[in-house]
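*Asks:* Quick one: structure below, then a few questions.
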Amino acid sequence: MTGPDGSRGGPRGPAPGPPPTTRGHLTPGPRATVVRLPAPDDVAHLVRQLWIPEWDLPAGERVEQLVLGYPASNVVVEPAGVALHGPTTRASTRVLTGRGWAVGALLRPAGVLLFTDRPAELLDRSAPLDVPGLLREVTRTMESTAPELRHERAARLLLDHVRGLAAAVPPEAARDGAVANRMVDLVESGAGLRAPGDLARELHVSERTLQRLAARFVGMPPQLLLRRRRLQEAAERVRADPAADLGALAADLGFADQAHLTREFRSVLGATPRGYGRAQRG
């Protein structure tokens with residue numbers, strides 16, 4: 001449902017992340033309201049942002065949103081339960097019907113370790129979290145509190161849960177998490193990094209350490225992180241200009257050629273760049 005927010009890190013956090021963006025939405029739509037709240041400084045190294053969608057659609061009406069997920073995990077509270085949603089490898093479509101809500105925390109890499117030490121096992125999957133107290137309190141807040149108050153109160157409940165888990169993180173794991181945060185910040189910055197070796201040099205770590213950090217804190221290998229960032233940028237540009245010169249776009253973003261760009265689009269988005277561009281105009 002959402003892209004990352006560039007919340008600033010607190011005293012224990014890393015350098016500020018990239019600026020706010022909605023790049024994860026490939027077909028943005030106005031029908032479902034999404035409130036985004038920045039994470040407070042004391043947890044900004046663990047949580048990128050809070051996102052709270054709400055919808056109330058007439059009977060028989062549905063809203064579809066195509067989302068290219070980020071290399072990140074989300075903790076989501078919904079009426080049906082609480083779950084940890086892992087990173088995704090391809091676009092997905094979420095269908096909204098009837099009336100509903102969710103309260104989610106988009107985790108930074110350091111925050112993933114609070115919920116799992118094997119995020120790769122949640123690639124394109126989710127796992128339920130047994131936190132009945134959190135579910136009960138968030139549900140009560142979302143369903144009985146005035147609109148102008150419920151978002152911040154529900155977000156506070158979820159953040160307090162994160163704070164409680166963070167208190168038990170060993171110092172060494174916290175240090176590794178800070179490096180993992182920086183790794184993802186670099187990938188998302190569009191700094192011209194094309195290969196894992198480039199990323200390792202920027203972080204002053206070995207490629208082996210880079211692989212270990214990505215596996216432990218993200219669940220995707222560094223090469224896939226770089227590919228995902230590049231495709232998100234390509235999709236954003238095609239959406240802005242469906243008639244863009246695809247050969248020039250491919251060269252600018254580091255694809256081998258236009259055919260390579262087209263294969264990536266088709267593999268992840270299920271459409272060619274031109275087909276995707278036409279869909280945005282429709």
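Just remember, in the structure tokens the first chain shown is A, the second B, etc., residues are 1-based per chain, and ligands are 1-based in the order shown.
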Write out as a ChimeraX atom specification each polymer residue whose atoms come within 12 Å of segment 137-149 of chain A, counting only C-alpha atoms; drop sequence neighbours fewer than 3 positions from it.
*Replies:* /A:35,52-54,76-82,99-104,131-134,152-161
*Asks:* Got a sec: who's within 7 Å of Leu213 of chain A, counting only C-alpha atoms, leaving out chain neighbours fewer than 4 positions off, as a PyMOL selection string?
*Replies:* chain A and resi 180+209+217
*Asks:* Dump C-alpha atoms for the selected residues as an mmCIF file, in the first residue's frame?
*Replies:*
```
data_model
loop_
_atom_site.group_PDB
_atom_site.id
_atom_site.type_symbol
_atom_site.label_atom_id
_atom_site.label_comp_id
_atom_site.auth_asym_id
_atom_site.auth_seq_id
_atom_site.Cartn_x
_atom_site.Cartn_y
_atom_site.Cartn_z
ATOM 1 C CA ALA A 180 22.069 -2.385 7.026
ATOM 2 C CA THR A 209 29.627 -8.956 4.891
ATOM 3 C CA PHE A 217 18.095 -7.569 7.864
#
```
*Asks:* Quick one: everything within 12 Å of Gly60 of chain A, counting only C-alpha atoms, minus sequence neighbours fewer than 6 positions away in the same chain. Send it as a PyMOL selection string.
*Replies:* chain A and resi 96-99
*Asks:* One decimal, Å: what's the distance from atom CA of Leu193 of chain A over to atom CA of Asp241 of chain A, could you say?
*Replies:*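 Going from atom CA of Leu193 of chain A over to atom CA of Asp241 of chain A, I get 24.2 Å.
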*Asks:* Taking the chain letters and numbering used in this document, name the residues of segment 65-127 of chain A that DSSP puts in helix (DSSP H, G or I), as a count of residues only.
*Replies:* 8
*Asks:* Given the choices A:Ala32, A:Leu135, A:Leu50, A:Ala256, which gets closest to His151 of chain A if the distance is worked out from only C-alpha atoms?
*Replies:*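 Closest to His151 of chain A, using only C-alpha atoms: A:Leu50.
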